[in-house]
$ cat final-v6.txt   # compact mmCIF, C-alpha atoms
# COMPACT_ATOMS: atom_id res chain seq x y z
CA MET A 1003 108.55 94.68 133.10
CA ARG A 1004 108.57 98.25 134.37
CA HIS A 1005 110.42 99.28 131.20
CA ALA A 1006 107.87 97.45 129.02
CA ALA A 1007 105.00 99.20 130.81
CA ARG A 1008 106.66 102.60 130.31
CA ILE A 1009 107.11 101.95 126.57
CA THR A 1010 103.49 100.82 126.22
CA ILE A 1011 102.09 103.81 128.12
CA ALA A 1012 104.24 106.26 126.18
CA SER A 1013 103.11 104.71 122.87
CA ILE A 1014 99.45 104.78 123.91
CA LEU A 1015 99.49 108.38 125.14
CA GLY A 1016 101.57 109.67 122.23
CA ASN A 1017 99.29 108.00 119.69
CA ALA A 1018 96.17 109.27 121.47
CA LEU A 1019 97.43 112.85 121.48
CA GLU A 1020 98.32 112.71 117.80
CA PHE A 1021 94.94 111.29 116.78
CA TYR A 1022 93.13 113.87 118.86
CA ASN A 1023 94.62 116.42 116.49
CA LEU A 1024 93.90 114.39 113.38
CA THR A 1025 90.23 113.64 114.06
CA LEU A 1026 89.04 117.03 115.31
CA TYR A 1027 88.11 117.99 111.75
CA GLY A 1028 85.83 114.94 111.39
CA ALA A 1029 83.87 115.88 114.52
CA LEU A 1030 83.52 119.47 113.27
CA THR A 1031 82.71 118.68 109.61
CA PRO A 1032 79.24 120.33 109.72
CA VAL A 1033 80.82 123.47 111.24
CA PHE A 1034 83.58 123.67 108.62
CA ALA A 1035 81.06 123.10 105.82
CA ALA A 1036 79.28 126.34 106.74
CA LEU A 1037 82.34 128.46 107.60
CA TYR A 1038 84.89 127.42 104.96
CA PHE A 1039 82.96 125.79 102.12
CA PRO A 1040 79.78 127.83 101.48
CA ALA A 1041 77.87 126.61 98.40
CA LYS A 1042 74.43 126.88 96.81
CA THR A 1043 73.00 124.21 99.12
CA PRO A 1044 74.00 122.92 102.58
CA ALA A 1045 74.30 119.40 101.14
CA LEU A 1046 76.87 120.55 98.57
CA SER A 1047 78.82 122.42 101.26
CA LEU A 1048 78.91 119.26 103.34
CA LEU A 1049 80.17 117.12 100.46
CA ILE A 1050 82.95 119.60 99.65
CA SER A 1051 83.91 119.70 103.33
CA LEU A 1052 84.10 115.90 103.38
CA LEU A 1053 86.41 115.94 100.36
CA ALA A 1054 88.67 118.31 102.30
CA PHE A 1055 88.48 115.81 105.18
CA GLY A 1056 89.79 113.16 102.78
CA VAL A 1057 92.87 115.20 101.84
CA SER A 1058 94.76 114.10 104.95
CA PHE A 1059 94.18 110.48 103.97
CA PHE A 1060 95.20 110.79 100.35
CA VAL A 1061 98.64 112.14 101.31
CA ARG A 1062 99.31 109.58 104.04
CA PRO A 1063 101.44 107.40 101.73
CA LEU A 1064 103.84 110.34 101.28
CA GLY A 1065 104.20 110.60 105.04
CA ALA A 1066 104.64 106.84 105.29
CA ILE A 1067 107.50 106.95 102.78
CA LEU A 1068 109.16 109.89 104.55
CA PHE A 1069 108.82 108.73 108.15
CA GLY A 1070 109.18 105.05 107.20
CA HIS A 1071 112.53 105.83 105.59
CA ILE A 1072 113.62 107.67 108.74
CA GLY A 1073 112.35 104.84 110.95
CA ASP A 1074 114.13 102.09 108.99
CA LYS A 1075 117.34 104.02 108.31
CA ILE A 1076 117.87 106.32 111.32
CA GLY A 1077 115.61 104.96 114.03
CA ARG A 1078 112.00 104.35 115.11
CA LYS A 1079 112.28 106.86 117.94
CA LYS A 1080 113.50 109.63 115.62
CA ALA A 1081 110.62 109.12 113.20
CA LEU A 1082 107.98 109.14 115.94
CA THR A 1083 109.46 112.20 117.64
CA LEU A 1084 109.41 114.18 114.38
CA SER A 1085 105.88 113.08 113.44
CA ILE A 1086 104.30 114.28 116.68
CA LEU A 1087 106.29 117.52 116.63
CA PHE A 1088 105.17 118.48 113.13
CA MET A 1089 101.56 117.41 113.72
CA GLY A 1090 101.22 120.23 116.23
CA ILE A 1091 102.08 122.99 113.73
CA PRO A 1092 99.12 122.69 111.30
CA THR A 1093 96.78 121.85 114.18
CA THR A 1094 97.64 125.11 115.94
CA ALA A 1095 97.38 127.00 112.64
CA ILE A 1096 93.75 125.86 112.14
CA ALA A 1097 92.87 127.54 115.43
CA PHE A 1098 93.71 130.92 113.89
CA LEU A 1099 92.51 130.50 110.28
CA PRO A 1100 90.12 133.21 109.03
CA VAL A 1101 86.82 131.97 107.55
CA TYR A 1102 85.53 132.27 103.97
CA GLU A 1103 83.62 135.53 104.67
CA GLU A 1104 86.87 137.19 105.76
CA ILE A 1105 89.42 136.15 103.11
CA GLY A 1106 87.38 134.32 100.48
CA ILE A 1107 88.84 131.34 98.63
CA TRP A 1108 92.11 131.55 100.59
CA ALA A 1109 90.30 130.27 103.69
CA PRO A 1110 89.47 126.78 102.33
CA ILE A 1111 92.86 126.62 100.58
CA ALA A 1112 94.66 127.28 103.88
CA LEU A 1113 92.48 124.72 105.67
CA ILE A 1114 93.18 122.06 103.04
CA LEU A 1115 96.92 122.80 103.30
CA CYS A 1116 96.77 122.23 107.06
CA ARG A 1117 94.94 118.93 106.50
CA PHE A 1118 97.62 118.02 103.97
CA LEU A 1119 100.37 118.52 106.56
CA GLN A 1120 98.42 116.60 109.20
CA GLY A 1121 98.06 113.69 106.79
CA ILE A 1122 101.80 113.63 106.10
CA CYS A 1123 102.50 113.25 109.83
CA ALA A 1124 99.76 110.66 110.34
CA GLY A 1125 101.29 108.51 107.60
CA GLY A 1126 104.29 107.79 109.80
CA GLU A 1127 102.57 107.78 113.16
CA PHE A 1128 99.89 105.13 113.52
CA ASN A 1129 101.79 101.98 112.57
CA GLY A 1130 105.11 103.43 113.70
CA ALA A 1131 103.89 103.59 117.29
CA THR A 1132 102.74 99.97 117.29
CA ILE A 1133 105.92 98.74 115.57
CA PHE A 1134 108.04 100.59 118.11
CA ALA A 1135 106.17 99.17 121.11
CA LEU A 1136 105.94 95.59 119.84
CA GLU A 1137 109.64 95.52 119.00
CA HIS A 1138 110.33 96.45 122.62
CA LEU A 1139 107.94 93.85 124.00
CA GLY A 1140 108.81 90.87 121.81
CA LYS A 1141 106.47 87.95 122.65
CA LYS A 1142 104.88 89.57 125.71
CA GLN A 1143 101.22 89.69 124.59
CA PRO A 1144 101.84 91.54 121.30
CA GLY A 1145 98.21 91.21 120.20
CA PHE A 1146 96.85 92.68 123.42
CA VAL A 1147 99.36 95.54 123.48
CA GLY A 1148 98.93 96.23 119.75
CA GLY A 1149 95.17 96.35 120.26
CA ALA A 1150 95.59 98.74 123.17
CA ILE A 1151 97.74 101.07 121.07
CA VAL A 1152 95.21 101.00 118.22
CA GLY A 1153 92.50 101.68 120.79
CA SER A 1154 94.45 104.73 121.91
CA CYS A 1155 93.64 106.33 118.55
CA LEU A 1156 90.01 106.11 119.61
CA LEU A 1157 90.98 107.56 122.99
CA GLY A 1158 92.22 110.64 121.14
CA SER A 1159 89.07 110.70 119.03
CA LEU A 1160 86.92 110.29 122.14
CA PHE A 1161 88.55 113.24 123.79
CA ALA A 1162 88.10 115.24 120.59
CA SER A 1163 84.39 114.35 120.63
CA ILE A 1164 84.02 115.42 124.25
CA ILE A 1165 85.73 118.76 123.58
CA VAL A 1166 83.68 119.39 120.42
CA SER A 1167 80.42 118.42 122.12
CA PHE A 1168 81.22 120.82 124.96
CA LEU A 1169 82.40 123.75 122.82
CA THR A 1170 79.48 123.56 120.33
CA THR A 1171 76.78 123.97 122.97
CA ASP A 1172 74.81 127.23 123.16
CA ILE A 1173 76.70 128.50 126.21
CA PHE A 1174 79.81 129.13 124.08
CA PRO A 1175 80.30 131.65 121.26
CA GLY A 1176 80.42 130.36 117.67
CA TRP A 1177 84.22 130.59 117.50
CA ALA A 1178 84.82 128.42 120.59
CA TRP A 1179 85.70 125.40 118.41
CA ARG A 1180 89.06 127.06 117.77
CA GLY A 1181 90.06 126.29 121.35
CA ALA A 1182 89.99 122.57 120.55
CA PHE A 1183 92.74 123.01 117.92
CA LEU A 1184 94.78 125.26 120.16
CA LEU A 1185 94.62 122.58 122.85
CA GLY A 1186 95.78 120.05 120.24
CA GLY A 1187 98.92 122.07 119.60
CA LEU A 1188 99.72 121.95 123.30
CA PHE A 1189 99.09 118.19 123.35
CA SER A 1190 101.71 117.72 120.64
CA LEU A 1191 104.30 119.29 122.92
CA GLY A 1192 103.29 116.84 125.66
CA GLY A 1193 103.62 113.91 123.27
CA LEU A 1194 107.04 115.15 122.16
CA TYR A 1195 108.22 115.09 125.79
CA LEU A 1196 106.93 111.53 126.29
CA ARG A 1197 108.79 110.20 123.27
CA ARG A 1198 112.05 111.91 124.03
CA GLU A 1199 112.18 110.03 127.34
CA ILE A 1200 112.06 106.47 125.92
CA ASP A 1201 114.79 104.26 124.43
CA GLU A 1202 115.23 103.21 120.82
CA SER A 1203 113.79 99.86 119.71
CA PRO A 1204 116.17 96.99 120.67
CA ILE A 1205 115.46 95.28 117.34
CA PHE A 1206 116.50 98.39 115.40
CA LYS A 1207 119.64 98.66 117.53
CA GLU A 1208 120.44 95.06 116.64
CA ILE A 1209 120.11 95.48 112.87
CA GLN A 1210 122.08 98.73 113.16
CA LYS A 1211 124.83 96.95 115.10
CA LYS A 1212 124.97 94.14 112.54
CA ASP A 1213 125.00 96.62 109.66
CA GLN A 1214 121.82 95.11 108.21
CA ILE A 1215 120.08 98.40 107.38
CA VAL A 1216 118.90 98.24 103.77
CA PRO A 1217 119.72 101.12 101.36
CA SER A 1218 116.12 101.60 100.20
CA PRO A 1219 113.45 100.24 102.59
CA LEU A 1220 110.60 101.14 100.22
CA LYS A 1221 112.16 99.32 97.26
CA THR A 1222 112.91 96.29 99.43
CA ALA A 1223 109.33 96.16 100.70
CA LEU A 1224 107.72 96.55 97.26
CA VAL A 1225 110.04 94.17 95.42
CA THR A 1226 110.92 91.51 97.99
CA HIS A 1227 107.81 91.56 100.19
CA TRP A 1228 105.13 92.66 97.75
CA ARG A 1229 102.68 89.97 98.88
CA SER A 1230 102.94 91.24 102.44
CA CYS A 1231 102.31 94.76 101.15
CA LEU A 1232 99.11 93.59 99.46
CA PHE A 1233 97.82 91.86 102.60
CA VAL A 1234 98.45 94.97 104.70
CA LEU A 1235 96.85 97.17 102.03
CA ALA A 1236 93.75 94.94 102.09
CA ILE A 1237 93.27 95.06 105.86
CA ALA A 1238 93.98 98.79 105.82
CA ALA A 1239 91.25 99.44 103.24
CA PHE A 1240 88.79 97.45 105.36
CA ASP A 1241 90.04 99.27 108.45
CA GLY A 1242 89.51 102.65 106.77
CA ALA A 1243 85.96 101.81 105.68
CA LEU A 1244 85.02 100.57 109.15
CA THR A 1245 86.74 103.19 111.26
CA TYR A 1246 85.62 106.25 109.34
CA THR A 1247 82.07 104.98 109.08
CA LEU A 1248 82.09 104.96 112.89
CA VAL A 1249 84.20 108.05 113.59
CA SER A 1250 83.14 110.45 110.82
CA PHE A 1251 80.20 109.26 108.72
CA LEU A 1252 77.85 108.49 111.62
CA ASN A 1253 78.20 112.03 112.95
CA VAL A 1254 77.14 113.46 109.58
CA TYR A 1255 74.49 110.73 109.13
CA LEU A 1256 72.75 111.49 112.42
CA VAL A 1257 72.78 115.27 111.89
CA ASN A 1258 71.91 115.54 108.20
CA THR A 1259 69.85 112.42 107.51
CA LEU A 1260 68.24 111.58 110.86
CA ASN A 1261 67.95 115.20 112.09
CA HIS A 1262 69.79 114.80 115.39
CA SER A 1263 71.57 117.78 116.92
CA VAL A 1264 75.38 118.00 116.68
CA SER A 1265 75.65 117.51 120.44
CA ASN A 1266 73.37 114.46 120.38
CA ALA A 1267 75.25 112.89 117.47
CA THR A 1268 78.55 113.48 119.24
CA PHE A 1269 77.14 111.97 122.44
CA ASN A 1270 76.16 108.72 120.69
CA GLY A 1271 79.43 108.69 118.75
CA PHE A 1272 81.30 108.91 122.03
CA PHE A 1273 79.91 105.59 123.22
CA GLY A 1274 80.48 103.93 119.86
CA MET A 1275 84.13 104.94 119.96
CA LEU A 1276 84.40 103.95 123.64
CA ALA A 1277 83.14 100.45 122.79
CA CYS A 1278 85.66 100.25 119.96
CA MET A 1279 88.51 101.45 122.15
CA LEU A 1280 87.77 98.87 124.86
CA GLY A 1281 87.15 96.14 122.31
CA CYS A 1282 90.50 96.52 120.52
CA PRO A 1283 92.72 95.01 123.27
CA PHE A 1284 90.11 92.28 123.85
CA PHE A 1285 90.28 91.11 120.24
CA GLY A 1286 94.07 91.52 120.30
CA TYR A 1287 94.21 89.24 123.35
CA TYR A 1288 92.03 86.72 121.52
CA ALA A 1289 94.49 86.86 118.60
CA ASP A 1290 97.40 86.14 120.97
CA LYS A 1291 95.67 82.91 121.98
CA TYR A 1292 94.19 81.72 118.70
CA GLY A 1293 96.11 83.53 115.95
CA ALA A 1294 95.61 86.77 114.03
CA LYS A 1295 94.26 85.18 110.86
CA GLU A 1296 91.80 82.98 112.74
CA THR A 1297 90.53 85.94 114.75
CA LEU A 1298 90.05 88.03 111.62
CA VAL A 1299 88.04 85.24 109.96
CA VAL A 1300 85.67 85.19 112.96
CA ALA A 1301 85.47 89.00 112.84
CA CYS A 1302 84.45 88.97 109.18
CA PHE A 1303 81.56 86.62 109.94
CA LEU A 1304 80.48 88.82 112.85
CA ILE A 1305 80.40 91.86 110.57
CA LEU A 1306 78.44 89.99 107.90
CA GLY A 1307 75.84 88.93 110.45
CA LEU A 1308 75.51 91.99 112.72
CA THR A 1309 76.02 95.11 110.58
CA VAL A 1310 72.39 95.32 109.44
CA PRO A 1311 71.04 95.02 113.01
CA ALA A 1312 73.48 97.72 114.12
CA PHE A 1313 72.30 100.22 111.51
CA MET A 1314 68.64 99.32 112.03
CA ALA A 1315 69.13 100.26 115.67
CA ILE A 1316 70.91 103.50 114.79
CA THR A 1317 68.03 104.60 112.52
CA SER A 1318 65.38 103.76 115.14
CA THR A 1319 63.57 106.40 117.16
CA PRO A 1320 64.28 105.37 120.78
CA GLU A 1321 67.47 106.94 122.06
CA PHE A 1322 68.63 103.74 123.78
CA SER A 1323 68.36 101.93 120.42
CA VAL A 1324 70.52 104.54 118.68
CA LEU A 1325 73.06 104.23 121.48
CA GLY A 1326 73.02 100.42 121.32
CA GLY A 1327 73.59 100.49 117.56
CA HIS A 1328 76.65 102.69 118.00
CA ILE A 1329 78.07 100.37 120.66
CA LEU A 1330 77.53 97.27 118.52
CA LEU A 1331 79.13 98.91 115.49
CA GLY A 1332 82.06 100.04 117.64
CA LEU A 1333 82.71 96.45 118.73
CA LEU A 1334 82.53 95.22 115.13
CA VAL A 1335 85.11 97.81 114.11
CA ALA A 1336 87.35 96.72 117.00
CA SER A 1337 87.24 93.10 115.83
CA ILE A 1338 89.29 94.08 112.77
CA ILE A 1339 91.41 97.04 113.78
CA GLY A 1340 92.40 95.55 117.15
CA VAL A 1341 94.04 92.60 115.41
CA GLN A 1342 95.66 94.56 112.56
CA PRO A 1343 98.99 95.34 114.35
CA LEU A 1344 99.72 91.69 115.21
CA PHE A 1345 98.63 90.59 111.72
CA SER A 1346 100.83 93.17 109.95
CA GLN A 1347 103.90 92.91 112.19
CA ALA A 1348 104.46 89.25 111.33
CA LEU A 1349 104.47 89.91 107.58
CA PHE A 1350 107.73 91.93 107.39
CA PRO A 1351 111.30 91.57 108.68
CA ALA A 1352 112.67 94.39 110.83
CA GLN A 1353 114.82 95.90 108.04
CA ASP A 1354 111.84 97.25 106.04
CA ARG A 1355 109.02 96.78 108.56
CA TYR A 1356 108.38 100.46 109.33
CA THR A 1357 108.25 101.45 105.66
CA GLY A 1358 106.49 98.31 104.40
CA ILE A 1359 103.67 98.42 106.93
CA SER A 1360 103.29 102.22 107.03
CA PHE A 1361 103.25 102.67 103.25
CA SER A 1362 100.90 99.75 102.51
CA TYR A 1363 98.58 100.68 105.34
CA SER A 1364 98.55 104.35 104.37
CA VAL A 1365 97.59 103.56 100.78
CA GLY A 1366 94.70 101.33 101.87
CA VAL A 1367 93.35 103.48 104.66
CA GLY A 1368 94.11 106.63 102.69
CA ILE A 1369 91.83 105.59 99.87
CA MET A 1370 88.95 104.09 101.84
CA GLY A 1371 89.26 106.17 105.02
CA GLY A 1372 89.27 109.34 102.96
CA LEU A 1373 86.48 108.33 100.58
CA THR A 1374 84.11 106.46 102.91
CA PRO A 1375 82.39 109.49 104.56
CA PHE A 1376 82.03 111.16 101.15
CA LEU A 1377 80.72 108.06 99.34
CA LEU A 1378 78.20 107.17 102.02
CA THR A 1379 77.00 110.77 102.45
CA ALA A 1380 76.62 111.19 98.67
CA SER A 1381 74.62 107.94 98.53
CA MET A 1382 72.29 109.30 101.19
CA GLN A 1383 71.35 112.20 98.92
CA THR A 1384 69.64 109.84 96.46
CA SER A 1385 68.23 107.22 98.82
CA THR A 1386 64.70 106.79 100.15
CA ASN A 1387 63.81 106.58 103.83
CA ASN A 1388 63.52 102.79 103.53
CA GLU A 1389 67.09 102.48 102.28
CA VAL A 1390 69.03 104.66 104.71
CA PHE A 1391 70.20 101.82 106.95
CA LEU A 1392 70.85 99.43 104.05
CA ILE A 1393 73.40 101.60 102.21
CA PRO A 1394 76.11 101.74 104.94
CA SER A 1395 75.29 98.14 105.99
CA LEU A 1396 75.82 96.69 102.52
CA TYR A 1397 78.91 98.85 102.07
CA LEU A 1398 80.65 97.35 105.11
CA MET A 1399 79.38 93.83 104.44
CA THR A 1400 80.85 93.94 100.93
CA PHE A 1401 84.25 94.84 102.37
CA SER A 1402 83.93 92.02 104.89
CA ALA A 1403 83.16 89.43 102.21
CA ILE A 1404 86.09 90.58 100.04
CA PHE A 1405 88.55 90.58 102.95
CA LEU A 1406 87.36 87.15 104.06
CA GLY A 1407 88.24 85.85 100.60
CA ILE A 1408 91.67 87.48 100.78
CA LEU A 1409 92.36 85.90 104.18
CA LEU A 1410 91.80 82.45 102.70
CA LEU A 1411 94.74 83.13 100.37
CA LEU A 1412 97.08 83.64 103.31
CA PRO A 1413 98.81 80.40 104.33
CA ALA A 1414 98.51 79.34 107.95
CA ARG A 1415 101.52 80.29 110.09
CA LYS A 1416 103.18 77.99 112.55

$ encode --input "final-v6.txt" --output "structure tokens"
Amino acid sequence: MRHAARITIASILGNALEFYNLTLYGALTPVFAALYFPAKTPALSLLISLLAFGVSFFVRPLGAILFGHIGDKIGRKKALTLSILFMGIPTTAIAFLPVYEEIGIWAPIALILCRFLQGICAGGEFNGATIFALEHLGKKQPGFVGGAIVGSCLLGSLFASIIVSFLTTDIFPGWAWRGAFLLGGLFSLGGLYLRREIDESPIFKEIQKKDQIVPSPLKTALVTHWRSCLFVLAIAAFDGALTYTLVSFLNVYLVNTLNHSVSNATFNGFFGMLACMLGCPFFGYYADKYGAKETLVVACFLILGLTVPAFMAITSTPEFSVLGGHILLGLLVASIIGVQPLFSQALFPAQDRYTGISFSYSVGVGIMGGLTPFLLTASMQTSTNNEVFLIPSLYLMTFSAIFLGILLLLPARK
């Protein structure tokens, strides 16, 4: 049990540190819009900055193929060690990038390149960490542990929000945000140490011992387990729309549409992400008892019924209402993403699991996670005051209805 706890803690902390690095940009989008993407209007600068935010998502499938191949052919531990090591390099580089006024067009190009490299690493990280831990734990509460590891992504995002909120206050100079990225580079070294100290997955050792490693994990997943790939892609797209509405869009929404300060938006976002982080293991535990599919069906109905009230609260004037809306939305997000690891793990055999899940998930979350902040922010530019809470509400409810229909196609598992 002590070994299982060590594996779980290492997976949680390593994942949290990596996602701290990945999500810093989202928290600082309004800052990057002004410094790296100046345009004729602030709104246009913001939209361009959000497209740059999406770059890391669009390249995730490449990272999933690369690190998935390493994870299925050489070892889970090797893939996770390399992903966290190389995440630290572009993160540290951002801390020292000159702005547009200093080097012109090369500034946004360099920033986009760094986001590109971060996305490559993230493609092999998120699902790799959960696969690694759950293969160690076997049947010991996989839903709860998987939910806790997913929640650790929010732990990293929470810490990023705290750092950004602190460094963007008036007591610090305008360049203080760079310290957040420098700290991220140091965190990657800490995560590297954690992962070097844990053992390889026993399931991978077993297929290696039996010489059951497949020549091409990606081909095996796409040809033999294509239905599983589609189910993972579907939940990943829903996951991306939900998560990056909460983590990235709401920050922009409060600042640019509802006229909150950056610090105030980050403060409310903190509690939304905290609710999501704590909710993930709860819904994972529920899935252990009642089944992943059954839990996801309930979650879809919750999202259909409670998304509009959540956004109505967020657009209200009283501060406690805004805070309550963030917390409710955070719990709704957790109801899907906290169950995703258990749901996905059961769809693939060990031989192509790392590649199959990572690639399918990266495609889905890469498209919708990358586009969601841009699409919703662009929609805000043409909406009236009476529509501002309806646009993101209907967006998420549409995804929920579609995914609910897809779940009904999945046969019940014994």

$ residues_around --input "final-v6.txt" --residues "Val1335 in chain A" --least-positions-apart "2" --cutoff "9 Å" --atoms "all atoms listed in the file" --output "JSON, numbers by chain"
{"A": [1241, 1244, 1245, 1248, 1278, 1281, 1282, 1301, 1305, 1330, 1331, 1332, 1333, 1337, 1338, 1339, 1340]}

$ closest_residue --input "final-v6.txt" --among "A:Ala1239, A:Ala1045, A:Met1279, A:Ile1076" --to "Ile1209 in chain A" --atoms "all atoms listed in the file"
A:Ile1076

$ atom_distance --input "final-v6.txt" --atom1 "CA of Thr1170 in chain A" --atom2 "CA of Glu1104 in chain A"
21.3 Å

$ closest_residue --input "final-v6.txt" --among "A:Ile1072, A:Ala1029, A:Leu1392, A:Ile1359" --to "Thr1132 in chain A" --atoms "all atoms listed in the file"
A:Ile1359

$ atom_distance --input "final-v6.txt" --atom1 "CA of Ile1107 in chain A" --atom2 "CA of Leu1037 in chain A"
11.4 Å

$ closest_residue --input "final-v6.txt" --among "A:Tyr1255, A:Phe1059, A:Phe1039, A:Phe1206" --to "Pro1351 in chain A" --atoms "all atoms listed in the file"
A:Phe1206

$ closest_residue --input "final-v6.txt" --among "A:Ala1223, A:Leu1184, A:Val1367, A:Leu1157" --to "Tyr1246 in chain A" --atoms "all atoms listed in the file"
A:Val1367

$ build_atoms --input "final-v6.txt" --residues "range 1131-1155 of chain A" --atoms "N, CA and C atoms" --output "mmCIF file, in the coordinates of the input"
data_model
loop_
_atom_site.group_PDB
_atom_site.id
_atom_site.type_symbol
_atom_site.label_atom_id
_atom_site.label_comp_id
_atom_site.auth_asym_id
_atom_site.auth_seq_id
_atom_site.Cartn_x
_atom_site.Cartn_y
_atom_site.Cartn_z
ATOM 1 N N ALA A 1131 104.009 103.731 115.839
ATOM 2 C CA ALA A 1131 103.890 103.590 117.290
ATOM 3 C C ALA A 1131 103.727 102.135 117.705
ATOM 4 N N THR A 1132 102.931 101.373 116.940
ATOM 5 C CA THR A 1132 102.740 99.970 117.290
ATOM 6 C C THR A 1132 104.004 99.151 117.006
ATOM 7 N N ILE A 1133 104.666 99.431 115.887
ATOM 8 C CA ILE A 1133 105.920 98.740 115.570
ATOM 9 C C ILE A 1133 106.944 98.963 116.674
ATOM 10 N N PHE A 1134 107.076 100.209 117.076
ATOM 11 C CA PHE A 1134 108.040 100.590 118.110
ATOM 12 C C PHE A 1134 107.778 99.839 119.411
ATOM 13 N N ALA A 1135 106.503 99.822 119.840
ATOM 14 C CA ALA A 1135 106.170 99.170 121.110
ATOM 15 C C ALA A 1135 106.344 97.652 121.019
ATOM 16 N N LEU A 1136 105.871 97.047 119.943
ATOM 17 C CA LEU A 1136 105.940 95.590 119.840
ATOM 18 C C LEU A 1136 107.373 95.096 119.684
ATOM 19 N N GLU A 1137 108.228 95.904 119.074
ATOM 20 C CA GLU A 1137 109.640 95.520 119.000
ATOM 21 C C GLU A 1137 110.301 95.566 120.370
ATOM 22 N N HIS A 1138 109.827 96.424 121.235
ATOM 23 C CA HIS A 1138 110.330 96.450 122.620
ATOM 24 C C HIS A 1138 109.828 95.254 123.412
ATOM 25 N N LEU A 1139 108.576 94.860 123.164
ATOM 26 C CA LEU A 1139 107.940 93.850 124.000
ATOM 27 C C LEU A 1139 108.225 92.426 123.560
ATOM 28 N N GLY A 1140 108.557 92.222 122.293
ATOM 29 C CA GLY A 1140 108.810 90.870 121.810
ATOM 30 C C GLY A 1140 107.557 90.013 121.866
ATOM 31 N N LYS A 1141 107.598 88.898 122.596
ATOM 32 C CA LYS A 1141 106.470 87.950 122.650
ATOM 33 C C LYS A 1141 105.556 88.179 123.843
ATOM 34 N N LYS A 1142 105.706 89.282 124.526
ATOM 35 C CA LYS A 1142 104.880 89.570 125.710
ATOM 36 C C LYS A 1142 103.535 90.154 125.283
ATOM 37 N N GLN A 1143 102.576 89.297 124.968
ATOM 38 C CA GLN A 1143 101.220 89.690 124.590
ATOM 39 C C GLN A 1143 101.197 90.767 123.494
ATOM 40 N N PRO A 1144 101.810 90.511 122.347
ATOM 41 C CA PRO A 1144 101.840 91.540 121.300
ATOM 42 C C PRO A 1144 100.463 91.905 120.760
ATOM 43 N N GLY A 1145 99.560 90.909 120.692
ATOM 44 C CA GLY A 1145 98.210 91.210 120.200
ATOM 45 C C GLY A 1145 97.471 92.136 121.136
ATOM 46 N N PHE A 1146 97.530 91.848 122.430
ATOM 47 C CA PHE A 1146 96.850 92.680 123.420
ATOM 48 C C PHE A 1146 97.404 94.101 123.430
ATOM 49 N N VAL A 1147 98.731 94.221 123.444
ATOM 50 C CA VAL A 1147 99.360 95.540 123.480
ATOM 51 C C VAL A 1147 99.104 96.293 122.170
ATOM 52 N N GLY A 1148 99.227 95.589 121.033
ATOM 53 C CA GLY A 1148 98.930 96.230 119.750
ATOM 54 C C GLY A 1148 97.503 96.724 119.687
ATOM 55 N N GLY A 1149 96.566 95.922 120.213
ATOM 56 C CA GLY A 1149 95.170 96.350 120.260
ATOM 57 C C GLY A 1149 94.971 97.561 121.145
ATOM 58 N N ALA A 1150 95.695 97.591 122.270
ATOM 59 C CA ALA A 1150 95.590 98.740 123.170
ATOM 60 C C ALA A 1150 96.112 100.016 122.517
ATOM 61 N N ILE A 1151 97.192 99.887 121.740
ATOM 62 C CA ILE A 1151 97.740 101.070 121.070
ATOM 63 C C ILE A 1151 96.800 101.550 119.968
ATOM 64 N N VAL A 1152 96.213 100.610 119.221
ATOM 65 C CA VAL A 1152 95.210 101.000 118.220
ATOM 66 C C VAL A 1152 94.020 101.668 118.917
ATOM 67 N N GLY A 1153 93.602 101.086 120.041
ATOM 68 C CA GLY A 1153 92.500 101.680 120.790
ATOM 69 C C GLY A 1153 92.804 103.086 121.263
ATOM 70 N N SER A 1154 94.092 103.385 121.457
ATOM 71 C CA SER A 1154 94.450 104.730 121.910
ATOM 72 C C SER A 1154 94.130 105.786 120.855
ATOM 73 N N CYS A 1155 94.094 105.384 119.586
ATOM 74 C CA CYS A 1155 93.640 106.330 118.550
ATOM 75 C C CYS A 1155 92.218 106.774 118.846
#
